[in-house]
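Next comes final-v2.tsv, a file with TSV, C-alpha atoms.
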chain	number	residue	atom	x	y	z
A	1	MET	CA	19.78	65.81	114.66
A	2	SER	CA	17.94	69.06	113.97
A	3	LYS	CA	19.83	72.30	114.59
A	4	ILE	CA	17.85	74.99	116.43
A	5	ALA	CA	18.95	78.62	116.64
A	6	LEU	CA	17.79	80.35	119.81
A	7	VAL	CA	17.95	84.17	119.67
A	8	ASP	CA	17.13	86.15	122.83
A	9	ASP	CA	18.81	88.92	124.84
A	10	ASP	CA	17.87	87.20	128.11
A	11	ARG	CA	20.86	85.03	129.02
A	12	ASN	CA	18.81	83.03	131.52
A	13	ILE	CA	16.44	81.98	128.74
A	14	LEU	CA	19.34	81.15	126.43
A	15	THR	CA	20.95	78.96	129.07
A	16	SER	CA	17.88	77.15	130.40
A	17	VAL	CA	16.14	76.60	127.06
A	18	SER	CA	19.30	75.44	125.29
A	19	MET	CA	19.92	72.89	128.06
A	20	THR	CA	16.35	71.61	127.70
A	21	LEU	CA	16.57	71.37	123.92
A	22	GLU	CA	19.93	69.60	124.03
A	23	ALA	CA	18.48	67.12	126.52
A	24	GLU	CA	15.70	66.48	123.97
A	25	GLY	CA	18.28	65.61	121.31
A	26	PHE	CA	18.54	68.92	119.44
A	27	GLU	CA	21.72	70.73	118.48
A	28	VAL	CA	21.41	74.33	119.69
A	29	GLU	CA	23.11	77.59	118.70
A	30	THR	CA	22.46	80.66	120.88
A	31	TYR	CA	22.69	84.38	120.05
A	32	ASN	CA	21.90	87.36	122.28
A	33	ASP	CA	20.84	89.76	119.51
A	34	GLY	CA	19.46	89.68	115.99
A	35	GLN	CA	22.58	91.00	114.27
A	36	ALA	CA	24.80	88.28	115.71
A	37	ALA	CA	22.27	85.67	114.56
A	38	LEU	CA	22.03	87.17	111.07
A	39	ASP	CA	25.81	87.18	110.68
A	40	ALA	CA	25.86	83.47	111.54
A	41	PHE	CA	22.84	82.66	109.34
A	42	ASN	CA	24.53	84.31	106.35
A	43	LYS	CA	27.21	81.64	106.63
A	44	LYS	CA	24.99	78.64	107.41
A	45	LEU	CA	21.30	78.33	108.19
A	46	PRO	CA	19.96	76.20	111.05
A	47	ASP	CA	16.94	73.93	110.61
A	48	MET	CA	14.73	76.28	112.65
A	49	ALA	CA	14.97	79.56	114.54
A	50	VAL	CA	13.28	80.61	117.78
A	51	LEU	CA	13.35	84.42	117.98
A	52	ASP	CA	12.58	86.89	120.71
A	53	ILE	CA	10.91	90.02	119.31
A	54	LYS	CA	12.42	92.77	121.47
A	55	MET	CA	16.23	92.67	121.26
A	56	PRO	CA	19.07	95.21	120.95
A	57	ARG	CA	20.90	96.00	117.68
A	58	MET	CA	18.36	94.11	115.56
A	59	ASP	CA	14.97	92.98	116.85
A	60	GLY	CA	13.15	89.79	115.91
A	61	MET	CA	10.84	91.46	113.40
A	62	ASP	CA	13.74	92.92	111.44
A	63	LEU	CA	15.64	89.64	111.58
A	64	LEU	CA	12.60	87.72	110.32
A	65	GLN	CA	12.12	90.17	107.46
A	66	ARG	CA	15.71	89.69	106.35
A	67	LEU	CA	15.47	85.92	106.68
A	68	ARG	CA	12.34	85.77	104.55
A	69	GLN	CA	14.22	87.45	101.71
A	70	LYS	CA	16.29	84.31	101.27
A	71	THR	CA	14.74	81.36	103.14
A	72	GLN	CA	11.45	79.85	104.27
A	73	MET	CA	13.14	78.20	107.24
A	74	PRO	CA	10.62	77.57	110.06
A	75	VAL	CA	10.50	80.36	112.64
A	76	ILE	CA	8.83	80.55	116.06
A	77	PHE	CA	8.46	83.91	117.78
A	78	LEU	CA	8.68	84.47	121.52
A	79	THR	CA	6.23	87.27	122.36
A	80	SER	CA	5.28	89.29	125.43
A	81	LYS	CA	2.33	87.97	127.42
A	82	ASP	CA	-0.18	90.64	126.36
A	83	ASP	CA	1.30	91.88	123.10
A	84	GLU	CA	-1.21	90.64	120.51
A	85	ILE	CA	-0.05	93.21	117.97
A	86	ASP	CA	3.39	91.59	117.87
A	87	GLU	CA	1.84	88.14	117.43
A	88	VAL	CA	-0.35	89.16	114.50
A	89	LEU	CA	2.37	91.24	112.84
A	90	GLY	CA	4.88	88.43	113.24
A	91	LEU	CA	2.56	85.91	111.61
A	92	ARG	CA	1.78	88.26	108.75
A	93	MET	CA	5.50	88.80	108.19
A	94	GLY	CA	6.01	85.07	107.84
A	95	ALA	CA	6.54	83.49	111.25
A	96	ASP	CA	5.15	79.97	111.49
A	97	ASP	CA	4.14	80.05	115.15
A	98	TYR	CA	4.52	81.97	118.39
A	99	VAL	CA	4.84	81.20	122.10
A	100	LYS	CA	3.97	83.73	124.81
A	101	LYS	CA	6.35	84.62	127.62
A	102	PRO	CA	6.54	83.42	130.32
A	103	PHE	CA	6.31	79.99	128.75
A	104	SER	CA	6.58	76.36	129.71
A	105	GLN	CA	9.74	74.87	128.23
A	106	ARG	CA	7.79	71.68	127.60
A	107	LEU	CA	5.32	73.69	125.51
A	108	LEU	CA	8.14	75.21	123.48
A	109	VAL	CA	9.63	71.77	122.82
A	110	GLU	CA	6.22	70.51	121.65
A	111	ARG	CA	5.83	73.51	119.33
A	112	ILE	CA	9.29	72.94	117.87
A	113	ARG	CA	8.65	69.23	117.29
A	114	ALA	CA	5.24	69.97	115.75
A	115	LEU	CA	6.72	72.49	113.35
A	116	LEU	CA	9.50	70.13	112.32
A	117	ARG	CA	6.90	67.41	111.67
A	118	ARG	CA	4.92	69.85	109.53
A	119	GLN	CA	8.06	70.63	107.56
A	120	GLU	CA	8.69	66.93	106.99
A	121	ALA	CA	5.07	66.48	105.93
A	122	THR	CA	5.68	68.57	102.81
A	123	SER	CA	8.44	66.32	101.45
A	124	GLY	CA	9.73	62.79	101.15
A	125	ASP	CA	8.07	59.71	102.57
A	126	VAL	CA	6.05	61.69	105.11
A	127	ALA	CA	4.38	63.61	102.32
A	128	THR	CA	3.45	60.36	100.65
A	129	ALA	CA	2.03	58.94	103.86
A	130	SER	CA	0.05	62.04	104.85
A	131	THR	CA	-1.43	62.92	101.47
A	132	GLY	CA	-1.61	59.46	99.93
A	133	ASP	CA	0.08	60.92	96.86
A	134	ALA	CA	3.29	62.93	96.63
A	135	LYS	CA	2.80	63.73	92.95
A	136	VAL	CA	2.56	67.24	91.59
A	137	MET	CA	-0.91	68.73	92.11
A	138	GLU	CA	-2.35	71.06	89.49
A	139	ARG	CA	-5.51	73.12	90.00
A	140	GLY	CA	-6.07	75.54	87.16
A	141	GLU	CA	-3.15	77.98	87.24
A	142	LEU	CA	-1.84	76.53	90.49
A	143	ARG	CA	0.95	73.95	90.56
A	144	MET	CA	2.21	72.37	93.81
A	145	ASP	CA	5.08	69.90	94.12
A	146	PRO	CA	5.16	68.43	97.67
A	147	LEU	CA	8.51	66.67	97.24
A	148	ARG	CA	10.25	69.91	96.29
A	149	HIS	CA	8.10	72.17	98.45
A	150	ALA	CA	7.56	74.17	95.26
A	151	VAL	CA	4.56	76.30	94.28
A	152	SER	CA	3.88	78.24	91.10
A	153	TRP	CA	0.95	80.33	89.88
A	154	LYS	CA	0.62	81.04	86.14
A	155	GLY	CA	4.20	79.83	85.79
A	156	ALA	CA	5.57	82.23	88.42
A	157	ASP	CA	7.29	80.70	91.44
A	158	VAL	CA	5.78	81.52	94.84
A	159	SER	CA	7.90	80.97	97.97
A	160	LEU	CA	5.79	79.71	100.89
A	161	THR	CA	6.54	78.82	104.49
A	162	VAL	CA	5.75	75.34	105.76
A	163	THR	CA	2.46	76.50	107.26
A	164	GLU	CA	1.39	78.43	104.16
A	165	PHE	CA	2.17	75.45	101.93
A	166	LEU	CA	0.10	73.06	104.04
A	167	LEU	CA	-2.87	75.45	104.20
A	168	LEU	CA	-2.87	76.04	100.45
A	169	GLN	CA	-2.51	72.32	99.79
A	170	ALA	CA	-5.47	71.53	102.07
A	171	LEU	CA	-7.68	74.10	100.35
A	172	ALA	CA	-6.66	73.27	96.79
A	173	GLN	CA	-7.03	69.50	97.13
A	174	ARG	CA	-10.83	69.88	97.01
A	175	PRO	CA	-11.80	72.98	95.04
A	176	GLY	CA	-15.24	74.33	95.88
A	177	PHE	CA	-15.37	72.64	99.31
A	178	VAL	CA	-15.29	74.77	102.44
A	179	LYS	CA	-12.60	74.19	105.07
A	180	SER	CA	-13.42	75.49	108.52
A	181	ARG	CA	-10.71	77.13	110.62
A	182	ASP	CA	-10.73	74.09	112.89
A	183	GLN	CA	-10.09	71.81	109.91
A	184	LEU	CA	-7.25	74.02	108.74
A	185	MET	CA	-5.78	74.00	112.25
A	186	ASP	CA	-5.78	70.20	112.17
A	187	VAL	CA	-3.92	70.26	108.85
A	188	ALA	CA	-1.29	72.81	109.82
A	189	TYR	CA	-0.81	72.12	113.51
A	190	ASP	CA	-0.20	69.13	115.74
A	191	ASP	CA	-3.29	67.92	117.60
A	192	GLN	CA	-1.70	68.82	120.93
A	193	VAL	CA	-0.95	72.41	119.92
A	194	TYR	CA	-3.73	74.95	120.39
A	195	VAL	CA	-3.95	78.01	118.15
A	196	ASP	CA	-6.78	80.50	117.83
A	197	ASP	CA	-8.70	81.70	114.79
A	198	ARG	CA	-6.53	84.80	114.48
A	199	THR	CA	-3.49	82.64	113.77
A	200	ILE	CA	-5.12	80.88	110.81
A	201	ASP	CA	-6.49	84.18	109.48
A	202	SER	CA	-3.04	85.76	109.63
A	203	HIS	CA	-1.47	82.88	107.71
A	204	ILE	CA	-4.20	83.10	105.04
A	205	LYS	CA	-3.66	86.85	104.66
A	206	ARG	CA	0.06	86.28	104.22
A	207	LEU	CA	-0.62	83.49	101.72
A	208	ARG	CA	-2.94	85.71	99.68
A	209	LYS	CA	-0.38	88.51	99.69
A	210	LYS	CA	2.27	86.22	98.25
A	211	MET	CA	-0.07	84.86	95.57
A	212	ARG	CA	-1.09	88.40	94.61
A	213	ALA	CA	2.56	89.35	94.27
A	214	ALA	CA	2.65	86.77	91.46
A	215	ASP	CA	-0.76	87.84	90.07
A	216	SER	CA	-2.49	91.00	91.27
A	217	GLU	CA	-5.86	89.51	90.25
A	218	PHE	CA	-5.48	86.33	92.30
A	219	SER	CA	-8.79	85.54	94.02
A	220	ALA	CA	-8.87	81.74	94.27
A	221	ILE	CA	-9.01	81.71	98.08
A	222	GLU	CA	-12.44	82.85	99.21
A	223	THR	CA	-13.40	83.82	102.76
A	224	LEU	CA	-16.77	82.66	104.01
A	225	TYR	CA	-17.25	84.81	107.08
A	226	GLY	CA	-18.05	82.84	110.20
A	227	ILE	CA	-17.49	79.55	108.34
A	228	GLY	CA	-14.00	79.26	106.90
A	229	TYR	CA	-12.24	79.32	103.54
A	230	ARG	CA	-12.73	77.79	100.11
A	231	TYR	CA	-10.46	77.36	97.09
A	232	ASN	CA	-12.16	78.17	93.78
A	233	GLU	CA	-10.38	76.72	90.78
A	234	GLU	CA	-9.71	79.38	88.14
As structure tokens, what does this structure read like?
Amino acid sequence: MSKIALVDDDRNILTSVSMTLEAEGFEVETYNDGQAALDAFNKKLPDMAVLDIKMPRMDGMDLLQRLRQKTQMPVIFLTSKDDEIDEVLGLRMGADDYVKKPFSQRLLVERIRALLRRQEATSGDVATASTGDAKVMERGELRMDPLRHAVSWKGADVSLTVTEFLLLQALAQRPGFVKSRDQLMDVAYDDQVYVDDRTIDSHIKRLRKKMRAADSEFSAIETLYGIGYRYNEE
């Protein structure tokens, strides 16, 4: 049973969504502000967190930033209907997905299940089934271990979220070949979950930033404007 942390200052959302998730077989922990959630997470992490952005004491952005200092646990943001800035910033800070308020609870459940499947796809038997080979992949200075969800560049460890790992894996499997945004969406997201081009672009920017933290000259991921992305083996 996966444990989901739901963090929102709207008690109606906490009550209704937690009831829905529990009915779907999840274990749910609820918190009405980011600080309360962080205090609990410092003791024990859930399997996934669903965070509202605008909350008292500590907002979702600040909570995500603190979480990313110690874990790549999957995170979904709840964003305002028209607040695209929050969506893009959240993705660039390391959120895996977002859902706009007001939202369908069925949609949220589908997003949660899709993200958990993506997490499973980077390890164990699911990794073997989805990639055909769960062995360590090496492409020049890049080393990826699906079973351990481990990535290194020039010997330096790089900590990636589930989405970032799957995108890098898809690009690096066939160096020199272009992957369109639609193809990358299919790799990183469930077929029933729609995301737009901006979401993929934000994940790629975050991925590049992390790789450049390990090597300021990293340039293996090339953008082909209007087409997609390509991994060039160095």
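Proximity of A:Ala188, A:Val75, A:Leu45, A:Ala37 to Val99 (chain A), computed with all atoms listed in the file, is greatest for A:Val75.
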Practice problem: In the coordinate frame of the file, compute which residues have an atom within 12 Å of (-4.6, 86.0, 98.6) when using all atoms listed in the file, and state them as a ChimeraX atom specification. | Solution: /A:153,158,164,168,201-223,229-232
Could those residues be written to a file, using C-alpha atoms, as a CSV table (one decimal), in the coordinates of the input?
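Output below, filename out17.csv:
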chain,number,residue,atom,x,y,z
A,153,TRP,CA,1.0,80.3,89.9
A,158,VAL,CA,5.8,81.5,94.8
A,164,GLU,CA,1.4,78.4,104.2
A,168,LEU,CA,-2.9,76.0,100.4
A,201,ASP,CA,-6.5,84.2,109.5
A,202,SER,CA,-3.0,85.8,109.6
A,203,HIS,CA,-1.5,82.9,107.7
A,204,ILE,CA,-4.2,83.1,105.0
A,205,LYS,CA,-3.7,86.8,104.7
A,206,ARG,CA,0.1,86.3,104.2
A,207,LEU,CA,-0.6,83.5,101.7
A,208,ARG,CA,-2.9,85.7,99.7
A,209,LYS,CA,-0.4,88.5,99.7
A,210,LYS,CA,2.3,86.2,98.2
A,211,MET,CA,-0.1,84.9,95.6
A,212,ARG,CA,-1.1,88.4,94.6
A,213,ALA,CA,2.6,89.4,94.3
A,214,ALA,CA,2.6,86.8,91.5
A,215,ASP,CA,-0.8,87.8,90.1
A,216,SER,CA,-2.5,91.0,91.3
A,217,GLU,CA,-5.9,89.5,90.2
A,218,PHE,CA,-5.5,86.3,92.3
A,219,SER,CA,-8.8,85.5,94.0
A,220,ALA,CA,-8.9,81.7,94.3
A,221,ILE,CA,-9.0,81.7,98.1
A,222,GLU,CA,-12.4,82.8,99.2
A,223,THR,CA,-13.4,83.8,102.8
A,229,TYR,CA,-12.2,79.3,103.5
A,230,ARG,CA,-12.7,77.8,100.1
A,231,TYR,CA,-10.5,77.4,97.1
A,232,ASN,CA,-12.2,78.2,93.8
Computed gap from CA of Ser18 (chain A) to CA of Gln105 (chain A) is 10.0 Å
For CA of Gln35 (chain A) and CA of Asn12 (chain A), quote the distance in Å rounded to one decimal.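 Computed distance, CA of Gln35 (chain A) to CA of Asn12 (chain A), equals 19.4 Å.
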Which protein, DNA or RNA residues have an atom at most 12 Å from (8.8, 69.3, 127.9), counting all atoms listed in the file? List them as a list in words.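 The answer, in the requested form, is Val17, Met19, Thr20, Leu21, Glu22, Ala23, Glu24, Phe103, Ser104, Gln105, Arg106, Leu107, Leu108, Val109, Glu110, Arg111, Ile112 and Arg113 of chain A.
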Export of prior selection with C-alpha atoms as a short mmCIF file (atom, residue, chain, number, x, y, z; two decimals), keeping the file's coordinate frame:
data_model
loop_
_atom_site.label_atom_id
_atom_site.label_comp_id
_atom_site.auth_asym_id
_atom_site.auth_seq_id
_atom_site.Cartn_x
_atom_site.Cartn_y
_atom_site.Cartn_z
CA VAL A 17 16.14 76.60 127.06
CA MET A 19 19.92 72.89 128.06
CA THR A 20 16.35 71.61 127.70
CA LEU A 21 16.57 71.37 123.92
CA GLU A 22 19.93 69.60 124.03
CA ALA A 23 18.48 67.12 126.52
CA GLU A 24 15.70 66.48 123.97
CA PHE A 103 6.31 79.99 128.75
CA SER A 104 6.58 76.36 129.71
CA GLN A 105 9.74 74.87 128.23
CA ARG A 106 7.79 71.68 127.60
CA LEU A 107 5.32 73.69 125.51
CA LEU A 108 8.14 75.21 123.48
CA VAL A 109 9.63 71.77 122.82
CA GLU A 110 6.22 70.51 121.65
CA ARG A 111 5.83 73.51 119.33
CA ILE A 112 9.29 72.94 117.87
CA ARG A 113 8.65 69.23 117.29
#
Fill in: Å distance separating CA of Val151 (chain A) from CA of Phe77 (chain A), one decimal place
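Between CA of Val151 (chain A) and CA of Phe77 (chain A) the gap is 25.0 Å.
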Give me the residues near Arg68 (chain A) as a PyMOL selection string, where near means some atom within 12 Å (using all atoms listed in the file) and where sequence neighbours in that chain fewer than 2 positions away do not count. chain A and resi 38+41+61-66+70-75+90+92-96+159-161+210
Could you give me, as a short mmCIF file (atom, residue, chain, number, x, y, z; two decimals) with C-alpha atoms, in the coordinates of the input, the residues within 8 Å of Val50 (chain A), counting only C-alpha atoms and dropping anything in the same chain fewer than 3 positions from it?
data_model
loop_
_atom_site.label_atom_id
_atom_site.label_comp_id
_atom_site.auth_asym_id
_atom_site.auth_seq_id
_atom_site.Cartn_x
_atom_site.Cartn_y
_atom_site.Cartn_z
CA ILE A 4 17.85 74.99 116.43
CA ALA A 5 18.95 78.62 116.64
CA LEU A 6 17.79 80.35 119.81
CA VAL A 7 17.95 84.17 119.67
CA VAL A 75 10.50 80.36 112.64
CA ILE A 76 8.83 80.55 116.06
CA PHE A 77 8.46 83.91 117.78
CA LEU A 78 8.68 84.47 121.52
#
task = Using only C-alpha atoms, find the one residue out of A:Ser152, A:Gln119, A:Ser180, A:Thr30 that sits nearest to Leu166 (chain A).
result =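 Under the stated criterion, the closest residue is A:Gln119.
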Exercise: Glu138 (chain A) partners within 12 Å, all atoms listed in the file, chain neighbours under 2 positions left out, as an MDAnalysis selection string:
chainID A and resid 135:136 140:146 150:155 169 172:175 233:234
Using only C-alpha atoms, the shortest atom-to-atom distance to Val162 (chain A) among A:Lys101, A:Arg148, A:Arg118, A:Lys44 belongs to A:Arg118
Counting all atoms listed in the file, closest pick from A:Asp182, A:Glu27, A:Asp10, A:Asp33 relative to Gly60 (chain A) is A:Asp33
